[in-house]
$ cat query-v8.cif   # mmCIF, C-alpha atoms
data_start
#
loop_
_atom_site.label_atom_id
_atom_site.label_comp_id
_atom_site.auth_asym_id
_atom_site.auth_seq_id
_atom_site.Cartn_x
_atom_site.Cartn_y
_atom_site.Cartn_z
CA MET A 1093 -41.00 -31.78 40.39
CA GLN A 1094 -43.44 -29.25 41.84
CA GLU A 1095 -43.91 -27.54 38.44
CA ALA A 1096 -44.54 -30.90 36.82
CA GLY A 1097 -46.95 -31.83 39.57
CA ILE A 1098 -44.90 -34.87 40.52
CA SER A 1099 -45.10 -36.01 44.17
CA ILE A 1100 -42.00 -37.32 45.93
CA GLY A 1101 -44.13 -40.02 47.46
CA SER A 1102 -45.13 -40.95 50.98
CA PRO A 1103 -42.81 -40.59 53.99
CA SER A 1104 -42.45 -44.40 54.17
CA ARG A 1105 -41.45 -44.52 50.49
CA VAL A 1106 -38.80 -41.84 51.06
CA GLN A 1107 -37.60 -43.80 54.09
CA LYS A 1108 -37.11 -46.91 51.94
CA LEU A 1109 -35.29 -44.86 49.32
CA ILE A 1110 -32.94 -43.44 51.97
CA ALA A 1111 -32.32 -46.87 53.46
CA SER A 1112 -31.36 -48.27 50.05
CA GLN A 1113 -28.55 -45.75 49.50
CA SER A 1114 -24.98 -46.96 49.97
CA ASP A 1115 -23.68 -43.38 49.84
CA PRO A 1116 -24.48 -41.68 53.20
CA LEU A 1117 -24.17 -38.20 51.69
CA LEU A 1118 -26.73 -39.04 49.01
CA ALA A 1119 -29.03 -40.46 51.69
CA LYS A 1120 -28.75 -37.18 53.60
CA GLU A 1121 -29.39 -35.16 50.42
CA ILE A 1122 -32.60 -37.10 49.78
CA LEU A 1123 -33.72 -36.45 53.35
CA ASP A 1124 -32.88 -32.75 53.09
CA PHE A 1125 -34.76 -32.44 49.80
CA ALA A 1126 -37.81 -34.25 51.13
CA SER A 1127 -37.83 -32.11 54.29
CA ARG A 1128 -38.12 -28.94 52.19
CA GLN A 1129 -41.26 -30.08 50.42
CA PRO A 1130 -44.51 -28.48 51.58
CA ASN A 1131 -46.73 -30.60 53.79
CA PHE A 1132 -44.12 -33.32 54.02
CA ARG A 1133 -42.74 -34.61 57.30
CA PRO A 1134 -40.08 -37.34 57.08
CA THR A 1135 -40.38 -40.29 59.42
CA ASN A 1136 -38.35 -40.41 62.61
CA ALA A 1137 -36.71 -43.56 61.25
CA SER A 1138 -35.46 -41.65 58.19
CA TYR A 1139 -33.39 -39.38 60.44
CA ARG A 1140 -32.07 -42.34 62.43
CA ILE A 1141 -31.07 -44.19 59.26
CA VAL A 1142 -29.16 -41.18 57.93
CA ILE A 1143 -27.42 -40.59 61.25
CA ARG A 1144 -26.34 -44.23 61.43
CA LYS A 1145 -25.04 -44.10 57.87
CA LEU A 1146 -23.10 -40.92 58.61
CA ALA A 1147 -21.68 -42.48 61.81
CA ALA A 1148 -20.55 -45.60 59.96
CA SER A 1149 -18.71 -43.44 57.42
CA GLU A 1150 -17.35 -41.09 60.14
CA HIS A 1151 -19.05 -37.92 58.85
CA PHE A 1152 -19.29 -36.74 62.45
CA SER A 1153 -19.61 -33.01 61.77
CA LEU A 1154 -22.85 -33.65 59.87
CA ILE A 1155 -24.22 -35.75 62.71
CA ASP A 1156 -24.20 -32.79 65.11
CA ASN A 1157 -26.44 -30.85 62.73
CA MET A 1158 -28.78 -33.81 62.29
CA LEU A 1159 -29.19 -34.20 66.04
CA LEU A 1160 -30.05 -30.50 66.35
CA ARG A 1161 -32.68 -30.89 63.65
CA LEU A 1162 -34.15 -33.89 65.40
CA LYS A 1163 -34.44 -31.92 68.62
CA SER A 1164 -35.76 -28.69 67.07
CA GLU A 1165 -38.37 -30.47 64.96
CA GLY A 1166 -39.71 -32.40 67.92
CA TYR A 1167 -38.51 -35.84 66.97
CA SER A 1168 -37.42 -38.35 69.55
CA ALA A 1169 -34.10 -40.18 69.36
CA PRO A 1170 -34.08 -43.75 70.67
CA ARG A 1171 -31.42 -44.78 73.14
CA SER A 1172 -30.12 -47.34 70.66
CA LEU A 1173 -29.09 -44.46 68.39
CA PHE A 1174 -26.85 -43.07 71.11
CA SER A 1175 -25.31 -46.51 71.66
CA THR A 1176 -24.44 -46.49 67.95
CA LEU A 1177 -22.87 -43.03 68.24
CA ILE A 1178 -20.82 -43.98 71.30
CA LYS A 1179 -19.36 -46.97 69.46
CA ALA A 1180 -18.72 -44.94 66.31
CA TYR A 1181 -16.97 -42.10 68.15
CA ALA A 1182 -14.91 -44.56 70.21
CA GLY A 1183 -13.89 -46.58 67.16
CA ALA A 1184 -12.82 -43.43 65.32
CA GLY A 1185 -10.75 -42.21 68.29
CA PHE A 1186 -12.84 -39.21 69.37
CA PRO A 1187 -13.00 -39.52 73.18
CA ASP A 1188 -14.31 -35.97 73.63
CA LYS A 1189 -17.32 -36.70 71.43
CA VAL A 1190 -17.87 -39.96 73.32
CA LEU A 1191 -17.99 -37.96 76.55
CA ASP A 1192 -20.31 -35.32 75.04
CA THR A 1193 -22.82 -38.01 74.06
CA PHE A 1194 -23.78 -38.46 77.72
CA TYR A 1195 -24.87 -34.84 77.94
CA VAL A 1196 -26.49 -34.83 74.49
CA MET A 1197 -28.75 -37.62 75.73
CA LEU A 1198 -29.78 -35.45 78.66
CA LYS A 1199 -30.69 -32.65 76.25
CA PHE A 1200 -33.10 -35.05 74.58
CA ASP A 1201 -34.64 -35.64 78.01
CA TYR A 1202 -33.23 -39.16 78.06
CA LYS A 1203 -31.60 -40.46 81.18
CA PRO A 1204 -28.64 -42.56 80.01
CA LEU A 1205 -28.79 -46.17 81.07
CA PRO A 1206 -25.89 -47.87 82.90
CA LYS A 1207 -24.95 -49.55 79.59
CA HIS A 1208 -24.49 -46.10 77.98
CA LEU A 1209 -22.40 -44.94 80.92
CA ASN A 1210 -20.29 -48.11 80.72
CA GLY A 1211 -19.78 -47.75 76.99
CA ILE A 1212 -18.54 -44.20 77.54
CA LEU A 1213 -16.31 -45.18 80.47
CA GLU A 1214 -14.81 -48.08 78.50
CA ALA A 1215 -13.96 -45.78 75.59
CA LEU A 1216 -12.43 -43.12 77.85
CA ILE A 1217 -10.26 -45.35 80.04
CA SER A 1218 -8.65 -46.91 76.96
CA ARG A 1219 -6.64 -43.67 76.88
CA ARG A 1220 -4.59 -42.96 79.96
CA GLU A 1221 -5.14 -39.20 79.80
CA TYR A 1222 -8.90 -39.71 79.90
CA ILE A 1223 -9.04 -41.82 83.07
CA ARG A 1224 -9.63 -38.75 85.23
CA PRO A 1225 -12.39 -37.36 82.95
CA ALA A 1226 -13.97 -40.82 83.08
CA PHE A 1227 -13.82 -40.73 86.88
CA ASP A 1228 -15.37 -37.24 86.91
CA LEU A 1229 -18.23 -38.48 84.71
CA PHE A 1230 -18.67 -41.49 86.99
CA LYS A 1231 -19.08 -39.16 89.99
CA ASP A 1232 -21.29 -36.75 88.04
CA ALA A 1233 -23.64 -39.49 86.83
CA HIS A 1234 -25.39 -39.71 90.22
CA LYS A 1235 -26.48 -36.08 89.94
CA HIS A 1236 -28.40 -36.95 86.78
CA GLY A 1237 -30.01 -40.04 88.25
CA VAL A 1238 -27.70 -42.45 86.43
CA LEU A 1239 -26.61 -45.14 88.85
CA PRO A 1240 -23.33 -46.91 88.02
CA ASN A 1241 -23.53 -50.69 88.25
CA THR A 1242 -20.94 -53.35 89.07
CA LYS A 1243 -19.41 -53.15 85.60
CA SER A 1244 -19.00 -49.37 85.96
CA TYR A 1245 -16.99 -49.84 89.15
CA ASN A 1246 -14.97 -52.68 87.65
CA LEU A 1247 -13.99 -50.60 84.62
CA LEU A 1248 -12.63 -47.78 86.77
CA MET A 1249 -11.00 -50.08 89.32
CA ASP A 1250 -9.17 -51.87 86.51
CA ALA A 1251 -8.07 -48.56 84.97
CA PHE A 1252 -6.69 -47.23 88.25
CA CYS A 1253 -4.98 -50.53 89.12
CA SER A 1254 -3.34 -50.68 85.70
CA ASN A 1255 -2.02 -47.16 86.18
CA GLY A 1256 -0.67 -47.75 89.67
CA ASN A 1257 -3.43 -45.95 91.61
CA LEU A 1258 -4.26 -48.89 93.82
CA SER A 1259 -5.60 -46.72 96.66
CA VAL A 1260 -8.29 -45.20 94.39
CA ALA A 1261 -9.26 -48.67 93.18
CA TYR A 1262 -9.57 -49.88 96.78
CA SER A 1263 -11.71 -46.84 97.66
CA LEU A 1264 -14.03 -47.61 94.75
CA PHE A 1265 -14.30 -51.23 95.89
CA ASN A 1266 -15.30 -50.18 99.40
CA TYR A 1267 -17.66 -47.53 98.04
CA MET A 1268 -19.61 -50.23 96.19
CA PHE A 1269 -20.94 -51.55 99.50
CA LYS A 1270 -22.04 -48.07 100.59
CA ARG A 1271 -23.99 -47.68 97.34
CA ASP A 1272 -25.53 -51.16 97.66
CA VAL A 1273 -23.73 -52.29 94.54
CA VAL A 1274 -22.76 -55.95 94.79
CA PRO A 1275 -19.18 -56.75 93.67
CA ASN A 1276 -18.67 -59.83 91.54
CA VAL A 1277 -15.80 -62.25 91.00
CA GLU A 1278 -14.23 -59.85 88.52
CA SER A 1279 -14.24 -57.05 91.10
CA TYR A 1280 -12.17 -59.15 93.48
CA ARG A 1281 -9.88 -60.39 90.72
CA ILE A 1282 -9.12 -56.86 89.53
CA LEU A 1283 -8.05 -55.86 93.03
CA MET A 1284 -6.01 -59.04 93.50
CA GLN A 1285 -4.18 -58.39 90.24
CA GLY A 1286 -3.50 -54.83 91.32
CA LEU A 1287 -2.17 -55.96 94.69
CA CYS A 1288 0.05 -58.60 93.10
CA ARG A 1289 1.51 -56.04 90.69
CA ARG A 1290 2.53 -54.02 93.74
CA SER A 1291 3.98 -57.16 95.39
CA GLN A 1292 1.31 -57.08 98.10
CA VAL A 1293 0.72 -60.81 97.77
CA GLY A 1294 -0.28 -61.33 101.41
CA THR A 1295 -3.07 -58.77 101.10
CA ALA A 1296 -4.19 -60.40 97.86
CA VAL A 1297 -4.41 -63.80 99.59
CA ASN A 1298 -6.42 -62.21 102.41
CA LEU A 1299 -8.77 -60.77 99.81
CA LEU A 1300 -9.21 -64.27 98.39
CA GLU A 1301 -10.12 -65.54 101.86
CA ASP A 1302 -12.64 -62.73 102.25
CA MET A 1303 -14.07 -63.62 98.87
CA LEU A 1304 -14.43 -67.30 99.82
CA ASN A 1305 -15.99 -66.44 103.19
CA LYS A 1306 -18.66 -64.41 101.41
CA GLY A 1307 -19.58 -67.36 99.22
CA TYR A 1308 -17.88 -66.36 95.98
CA VAL A 1309 -16.17 -68.98 93.82
CA PRO A 1310 -12.97 -67.44 92.41
CA ASP A 1311 -12.43 -67.95 88.69
CA ARG A 1312 -9.37 -69.59 87.12
CA LEU A 1313 -7.71 -66.28 86.33
CA SER A 1314 -7.90 -65.23 89.99
CA TYR A 1315 -6.03 -68.37 91.02
CA THR A 1316 -3.52 -67.98 88.18
CA THR A 1317 -2.78 -64.43 89.37
CA LEU A 1318 -2.16 -65.53 92.96
CA LEU A 1319 -0.14 -68.63 92.06
CA ASN A 1320 2.13 -66.57 89.81
CA ALA A 1321 2.63 -63.95 92.49
CA LEU A 1322 3.33 -66.50 95.23
CA CYS A 1323 5.87 -68.31 93.04
CA ARG A 1324 7.61 -65.06 92.15
CA LYS A 1325 7.82 -64.25 95.85
CA LYS A 1326 9.28 -67.74 96.43
CA LYS A 1327 6.35 -68.64 98.67
CA LEU A 1328 6.17 -72.10 97.17
CA LYS A 1329 4.63 -73.83 100.17
CA GLU A 1330 1.73 -71.38 100.10
CA ALA A 1331 1.42 -71.78 96.31
CA TYR A 1332 1.21 -75.57 96.62
CA LYS A 1333 -1.38 -75.32 99.40
CA LEU A 1334 -3.47 -72.97 97.28
CA LEU A 1335 -3.23 -75.37 94.34
CA CYS A 1336 -4.49 -78.22 96.54
CA ARG A 1337 -7.35 -76.10 97.91
CA MET A 1338 -8.68 -75.09 94.51
CA LYS A 1339 -10.67 -78.26 93.85
CA VAL A 1340 -12.17 -78.20 97.34
CA LYS A 1341 -13.30 -74.62 96.76
CA GLY A 1342 -15.08 -75.42 93.52
CA CYS A 1343 -12.45 -74.64 90.88
CA ASN A 1344 -10.53 -77.56 89.36
CA PRO A 1345 -6.89 -76.65 88.66
CA ASP A 1346 -6.02 -76.65 84.97
CA ILE A 1347 -2.72 -77.16 83.18
CA ILE A 1348 -1.75 -73.48 83.56
CA HIS A 1349 -2.09 -73.66 87.35
CA TYR A 1350 -0.03 -76.86 87.59
CA ASN A 1351 2.68 -75.60 85.24
CA THR A 1352 2.95 -72.36 87.19
CA VAL A 1353 3.74 -74.24 90.40
CA ILE A 1354 6.05 -76.75 88.64
CA LEU A 1355 8.03 -73.86 87.17
CA GLY A 1356 8.13 -72.13 90.56
CA PHE A 1357 9.63 -75.20 92.23
CA CYS A 1358 12.15 -75.83 89.44
CA ARG A 1359 13.33 -72.21 89.41
CA GLU A 1360 14.14 -72.46 93.10
CA GLY A 1361 16.05 -75.72 92.75
CA ARG A 1362 13.22 -77.83 94.15
CA ALA A 1363 12.53 -80.09 91.19
CA ASP A 1364 11.96 -83.01 93.57
CA ASP A 1365 8.89 -81.18 94.90
CA ALA A 1366 7.82 -80.48 91.34
CA CYS A 1367 7.78 -84.27 90.79
CA LYS A 1368 5.13 -84.56 93.48
CA VAL A 1369 3.01 -81.96 91.70
CA ILE A 1370 3.25 -83.74 88.36
CA GLU A 1371 2.40 -87.09 89.96
CA ASP A 1372 -0.75 -85.57 91.53
CA MET A 1373 -2.06 -84.28 88.22
CA PRO A 1374 -3.73 -87.39 86.69
CA SER A 1375 -5.78 -88.09 89.83
CA ASN A 1376 -7.12 -84.53 89.61
CA GLY A 1377 -8.19 -84.94 86.00
CA CYS A 1378 -5.32 -83.01 84.42
CA LEU A 1379 -2.52 -84.63 82.41
CA PRO A 1380 1.00 -83.17 82.18
CA ASP A 1381 1.73 -81.50 78.86
CA LEU A 1382 4.84 -80.59 76.91
CA VAL A 1383 5.64 -77.61 79.17
CA SER A 1384 5.21 -79.71 82.33
CA TYR A 1385 7.74 -82.33 81.23
CA ARG A 1386 10.23 -79.93 79.68
CA THR A 1387 10.31 -77.79 82.82
CA LEU A 1388 10.64 -80.79 85.12
CA VAL A 1389 13.35 -82.60 83.13
CA GLY A 1390 15.38 -79.40 82.89
CA GLY A 1391 15.00 -78.77 86.63
CA LEU A 1392 16.03 -82.32 87.54
CA CYS A 1393 19.10 -82.13 85.29
CA ASP A 1394 20.14 -78.87 86.95
CA LEU A 1395 20.12 -80.68 90.31
CA GLY A 1396 21.97 -83.71 88.96
CA LEU A 1397 18.95 -85.96 89.50
CA LEU A 1398 19.66 -87.68 86.21
CA ASP A 1399 17.85 -90.97 86.79
CA LYS A 1400 14.60 -89.15 87.51
CA ALA A 1401 15.14 -86.81 84.59
CA ASP A 1402 15.75 -89.83 82.36
CA ARG A 1403 12.57 -91.52 83.52
CA TYR A 1404 10.44 -88.45 82.84
CA LEU A 1405 12.06 -87.86 79.43
CA VAL A 1406 11.29 -91.44 78.39
CA GLU A 1407 7.72 -91.01 79.69
CA MET A 1408 7.48 -87.84 77.69
CA LEU A 1409 8.59 -89.54 74.49
CA SER A 1410 6.19 -92.43 75.07
CA LYS A 1411 3.31 -89.91 75.09
CA GLY A 1412 4.39 -88.44 71.77
CA LEU A 1413 5.65 -85.20 73.32
CA SER A 1414 8.76 -83.59 71.87
CA PRO A 1415 11.53 -82.49 74.26
CA HIS A 1416 13.37 -79.38 73.19
CA PRO A 1417 16.90 -80.25 72.00
CA SER A 1418 18.31 -78.17 74.87
CA VAL A 1419 16.47 -80.39 77.38
CA SER A 1420 17.69 -83.67 75.88
CA HIS A 1421 21.19 -82.21 75.51
CA GLY A 1422 21.25 -81.34 79.21
CA LEU A 1423 20.43 -84.92 80.11
CA VAL A 1424 22.88 -86.45 77.60
CA LYS A 1425 25.65 -84.16 78.86
CA GLY A 1426 24.82 -84.97 82.48
CA LEU A 1427 24.88 -88.71 81.86
CA CYS A 1428 28.25 -88.44 80.14
CA LYS A 1429 29.68 -86.42 83.02
CA VAL A 1430 28.85 -89.14 85.53
CA GLY A 1431 30.18 -91.87 83.25
CA LYS A 1432 26.84 -93.23 82.05
CA ILE A 1433 27.92 -93.16 78.43
CA ASP A 1434 26.00 -96.28 77.47
CA ARG A 1435 22.77 -94.75 78.68
CA ALA A 1436 23.57 -91.50 76.85
CA CYS A 1437 23.97 -93.48 73.63
CA GLU A 1438 20.74 -95.34 74.21
CA LEU A 1439 18.96 -92.04 74.83
CA LEU A 1440 20.25 -90.62 71.56
CA GLU A 1441 18.96 -93.75 69.83
CA GLN A 1442 15.54 -93.29 71.44
CA LEU A 1443 15.39 -89.67 70.38
CA LEU A 1444 16.23 -90.61 66.82
CA ARG A 1445 13.61 -93.35 66.73
CA HIS A 1446 11.03 -90.77 67.80
CA GLY A 1447 12.07 -88.43 65.01
CA GLU A 1448 13.77 -85.93 67.34
CA THR A 1449 16.84 -83.92 66.32
CA PRO A 1450 19.50 -83.78 69.04
CA TYR A 1451 21.98 -80.91 69.12
CA VAL A 1452 25.27 -81.55 67.33
CA ASP A 1453 26.90 -80.96 70.73
CA SER A 1454 24.97 -83.93 72.09
CA TRP A 1455 26.74 -86.13 69.58
CA GLY A 1456 30.04 -84.45 70.20
CA VAL A 1457 30.07 -84.84 73.97
CA THR A 1458 29.19 -88.54 73.65
CA LEU A 1459 31.66 -89.30 70.88
CA ASN A 1460 34.54 -87.53 72.63
CA LEU A 1461 34.22 -89.94 75.51
CA MET A 1462 34.04 -93.04 73.32
CA ILE A 1463 36.32 -92.64 70.34
CA ASP A 1464 39.66 -94.34 69.86
CA GLU A 1465 42.54 -92.35 68.42
CA SER A 1466 42.36 -94.41 65.23
CA ASP A 1467 38.74 -93.41 64.74
CA GLN A 1468 39.19 -89.67 65.35
CA ALA A 1469 39.46 -88.65 61.68
CA ARG A 1470 36.44 -90.75 60.74
CA VAL A 1471 34.23 -89.20 63.44
CA ASP A 1472 35.46 -85.67 62.77
CA ASN A 1473 34.51 -86.09 59.13
CA ALA A 1474 31.03 -87.32 60.08
CA LEU A 1475 30.47 -84.39 62.44
CA ASN A 1476 31.63 -81.91 59.81
CA ASN A 1477 29.05 -83.34 57.43
CA VAL A 1478 26.37 -82.86 60.07
CA LEU A 1479 27.34 -79.22 60.56
CA LYS A 1480 26.88 -78.54 56.83
CA VAL A 1481 23.23 -79.57 56.92
CA GLU A 1482 20.44 -77.08 57.57
CA VAL A 1483 18.77 -78.55 60.64
CA THR A 1484 15.00 -78.21 60.86
CA ARG A 1485 12.47 -79.73 63.25
CA ASP A 1486 12.08 -82.75 60.98
CA THR A 1487 15.76 -83.24 60.16
CA ARG A 1488 17.37 -86.51 61.31
CA LEU A 1489 21.05 -85.97 61.81
CA VAL A 1490 21.70 -89.54 60.76
CA ASP A 1491 20.43 -88.62 57.30
CA ALA A 1492 23.42 -86.29 57.00
CA ALA A 1493 25.93 -88.56 58.68
CA PRO A 1494 24.85 -92.22 58.70
CA LEU A 1495 28.10 -93.28 60.33
CA LEU A 1496 27.27 -91.54 63.60
CA GLU A 1497 24.39 -93.73 64.66
CA GLU A 1498 26.17 -96.89 63.51
CA TYR A 1499 29.30 -95.82 65.27
CA LEU A 1500 27.60 -95.04 68.57
CA VAL A 1501 25.72 -98.31 68.64
CA ARG A 1502 28.73 -100.38 67.62
CA LYS A 1503 31.06 -98.63 70.06
CA SER A 1504 28.61 -98.94 72.90
CA ARG A 1505 28.20 -102.68 72.27
CA GLU A 1506 31.95 -103.19 72.02
CA LYS A 1507 32.50 -101.48 75.37
CA LYS A 1508 29.78 -103.56 77.00
CA LYS A 1509 31.31 -106.71 75.58
CA ARG A 1510 34.81 -105.76 76.82
CA ARG A 1511 33.52 -105.06 80.31
CA GLN A 1512 31.69 -108.37 80.42
CA GLN A 1513 34.85 -110.20 79.30
CA GLN A 1514 36.92 -108.38 81.93
CA GLN A 1515 34.44 -109.26 84.65
CA HIS A 1516 34.33 -112.88 83.45
CA GLY A 1517 38.16 -112.98 83.46
CA ARG A 1518 38.24 -111.93 87.14
CA PHE A 1519 36.12 -114.93 88.04
#
$ encode --input "query-v8.cif" --output "structure tokens"
Amino acid sequence: MQEAGISIGSPSRVQKLIASQSDPLLAKEILDFASRQPNFRPTNASYRIVIRKLAASEHFSLIDNMLLRLKSEGYSAPRSLFSTLIKAYAGAGFPDKVLDTFYVMLKFDYKPLPKHLNGILEALISRREYIRPAFDLFKDAHKHGVLPNTKSYNLLMDAFCSNGNLSVAYSLFNYMFKRDVVPNVESYRILMQGLCRRSQVGTAVNLLEDMLNKGYVPDRLSYTTLLNALCRKKKLKEAYKLLCRMKVKGCNPDIIHYNTVILGFCREGRADDACKVIEDMPSNGCLPDLVSYRTLVGGLCDLGLLDKADRYLVEMLSKGLSPHPSVSHGLVKGLCKVGKIDRACELLEQLLRHGETPYVDSWGVTLNLMIDESDQARVDNALNNVLKVEVTRDTRLVDAAPLLEEYLVRKSREKKKRRQQQQHGRF
């Protein structure tokens, strides 16, 4: 080109040419060629474009050389370029290069911002073996005039809590106040989660009180953490009180909070108390869902509170919610055990009308209590036909064995009629 007297063009033209290249190596080659031309100085942006292209394609070894050239030739490197490099190194799984970026910035006479520090910390703590190096950088940052912010503390607190170093996390939390760094709701939640993992639920509740006294409004996840922990510790009275306090303290309980407490009561054989929770829900702007009803009906059946379980199952069906076959089977079986066969039959009818598929055992336990010896072969044949059918969510067992539904209804009516005749005969 020199011999022919052809100019490569202006620096801005070369910059556009570099930017248009999809191949990062070709873009670098153009920059290298242009840089060797006499009286030609590429734009700062040309270097940045090439470095970003190399980072996106993970040609990291070439980036080191480009950064040295930038420095030696007196170019500046914007902080946004280092943010790009931090993300690229982290995404490619090079934690050491992520860490080095902090010190490379210092070599360019740039003081990293808290967002750079946080990006580096976040990348490092994602690997357990780099939590300590992240902590060392956190402590070293002050020496270079980089002041960690609330997010910096939260990142390290969360890392130490997740790895069982609760004491270090607590020390960091207390150190925030000494450094005039204001903790936020997340700071408290991280510590509460750490305490609950270590079964220190009482301390976690005290931390919540401290949080409330200082004017913070805990988020939903903070309450979920505490409610779960209290229920696991069988502190159900405290869990229910906390649930009731939530709205007063500015956080309306949602379905997860209610279901957590309902499950806690039912697990401990206190389904009656769970009924109170579910009855409170509508007035607090939260309606019971599928999980609420399934948990409650199952818990009531376990306690033999079949009438209540029946009422809630019917309510569930009326709202278009589908009980799991195991839940309806528990109720059908319970009703049969206490002699309420008619109601068991009616319940099976209701389930069928709502498109639900009862377990085969639900039919079996009901039929065994109703059949006459003369009908045994007929019913056995119907049940065998049912067992041959692949049952899916949409399968109606009566499609496989039409005699079952007819039989149950007819038999139930015959028994009712016989009882009425017997009672009439006594009079």
$ atom_distance --input "query-v8.cif" --atom1 "atom CA of A:Arg1161" --atom2 "atom CA of A:His1236"
24.3 Å
$ resolve_selection --input "query-v8.cif" --expression "the PyMOL selection byres ((chain A and resi 1291) around 12)" --output "ChimeraX atom specification"
/A:1256,1258,1284-1290,1292-1297,1317-1318,1320-1326
$ closest_residue --input "query-v8.cif" --among "A:Lys1306, A:Arg1171, A:Lys1339, A:His1421" --to "A:Pro1450" --atoms "only C-alpha atoms"
A:His1421
$ resolve_selection --input "query-v8.cif" --expression "the PyMOL selection byres ((chain A and resi 1274) around 12)" --output "VMD selection string"
chain A and resid 1240 to 1246 1265 to 1273 1275 to 1280 1306 1308
$ resolve_selection --input "query-v8.cif" --expression "the PyMOL selection byres ((chain A and resi 1424) around 9)" --output "VMD selection string"
chain A and resid 1419 to 1423 1425 to 1429 1433 1435 to 1437 1439 to 1440 1454 to 1455 1457 to 1458
$ residues_around --input "query-v8.cif" --residues "A:Ala1147" --least-positions-apart "6" --cutoff "9 Å" --atoms "all atoms listed in the file" --output "number ranges by chain"
A: 1155, 1176-1177, 1180-1181
$ closest_residue --input "query-v8.cif" --among "A:Cys1393, A:Leu1229, A:Leu1335, A:Leu1154" --to "A:Val1190" --atoms "all atoms listed in the file"
A:Leu1229
$ atom_distance --input "query-v8.cif" --atom1 "atom CA of A:Met1338" --atom2 "atom CA of A:Cys1367"
19.2 Å
$ closest_residue --input "query-v8.cif" --among "A:Ser1149, A:Asn1298, A:Asn1210, A:Ser1254" --to "A:Ala1184" --atoms "all atoms listed in the file"
A:Ser1149
$ residues_around --input "query-v8.cif" --residues "A:Pro1225" --least-positions-apart "4" --cutoff "9 Å" --atoms "only C-alpha atoms" --output "VMD selection string"
chain A and resid 1191 1216 to 1217 1221 1229 to 1230
$ residues_around --input "query-v8.cif" --residues "A:Ile1354" --least-positions-apart "6" --cutoff "9 Å" --atoms "only C-alpha atoms" --output "NGL selection string"
:A and (1363 or 1365-1367 or 1369-1370 or 1384 or 1387-1388)
$ closest_residue --input "query-v8.cif" --among "A:Gly1390, A:Gly1211, A:Pro1116, A:Gly1447" --to "A:Ile1141" --atoms "all atoms listed in the file"
A:Pro1116
$ residues_around --input "query-v8.cif" --residues "A:Tyr1167" --least-positions-apart "3" --cutoff "9 Å" --atoms "all atoms listed in the file" --output "ChimeraX atom specification"
/A:1135-1136,1161-1164
$ axis_aligned_box --input "query-v8.cif" --around "stretch 1345-1354 of chain A" --padding-each-side "6 Å" --output "JSON"
{"center_x": -0.4, "center_y": -74.8, "center_z": 86.8, "size_x": 24.9, "size_y": 16.8, "size_z": 19.2}
$ atom_distance --input "query-v8.cif" --atom1 "atom CA of A:Pro1204" --atom2 "atom CA of A:Ile1143"
18.9 Å
$ residues_around --input "query-v8.cif" --residues "A:Pro1380" --least-positions-apart "5" --cutoff "12 Å" --atoms "all atoms listed in the file" --output "list in words"
Asp1346, Ile1347, Ile1348, His1349, Tyr1350, Asn1351, Ile1354, Ala1366, Cys1367, Val1369, Ile1370, Glu1371, Asp1372, Met1373, Pro1374, Ser1375, Tyr1385, Arg1386, Thr1387, Leu1388, Tyr1404, Glu1407, Met1408, Lys1411 and Leu1413 of chain A
$ closest_residue --input "query-v8.cif" --among "A:Met1303, A:Ala1169, A:Ala1215, A:Ala1111" --to "A:Asp1201" --atoms "all atoms listed in the file"
A:Ala1169
$ build_atoms --input "query-v8.cif" --residues "stretch 1397-1405 of chain A" --atoms "N, CA and C atoms" --output "compact mmCIF listing (two decimals), keeping the file's coordinate frame"
# COMPACT_ATOMS: atom_id res chain seq x y z
N LEU A 1397 19.82 -84.80 89.28
CA LEU A 1397 18.95 -85.96 89.50
C LEU A 1397 18.66 -86.61 88.15
N LEU A 1398 19.71 -87.23 87.60
CA LEU A 1398 19.66 -87.68 86.21
C LEU A 1398 18.75 -88.89 85.99
N ASP A 1399 18.70 -89.79 86.96
CA ASP A 1399 17.85 -90.97 86.79
C ASP A 1399 16.38 -90.57 86.70
N LYS A 1400 15.99 -89.62 87.57
CA LYS A 1400 14.60 -89.15 87.51
C LYS A 1400 14.33 -88.40 86.22
N ALA A 1401 15.29 -87.57 85.83
CA ALA A 1401 15.14 -86.81 84.59
C ALA A 1401 15.00 -87.76 83.40
N ASP A 1402 15.80 -88.82 83.42
CA ASP A 1402 15.75 -89.83 82.36
C ASP A 1402 14.38 -90.49 82.29
N ARG A 1403 13.87 -90.84 83.48
CA ARG A 1403 12.57 -91.52 83.52
C ARG A 1403 11.46 -90.62 82.95
N TYR A 1404 11.49 -89.35 83.32
CA TYR A 1404 10.44 -88.45 82.84
C TYR A 1404 10.61 -88.13 81.34
N LEU A 1405 11.84 -88.10 80.87
CA LEU A 1405 12.06 -87.86 79.43
C LEU A 1405 11.53 -89.02 78.62
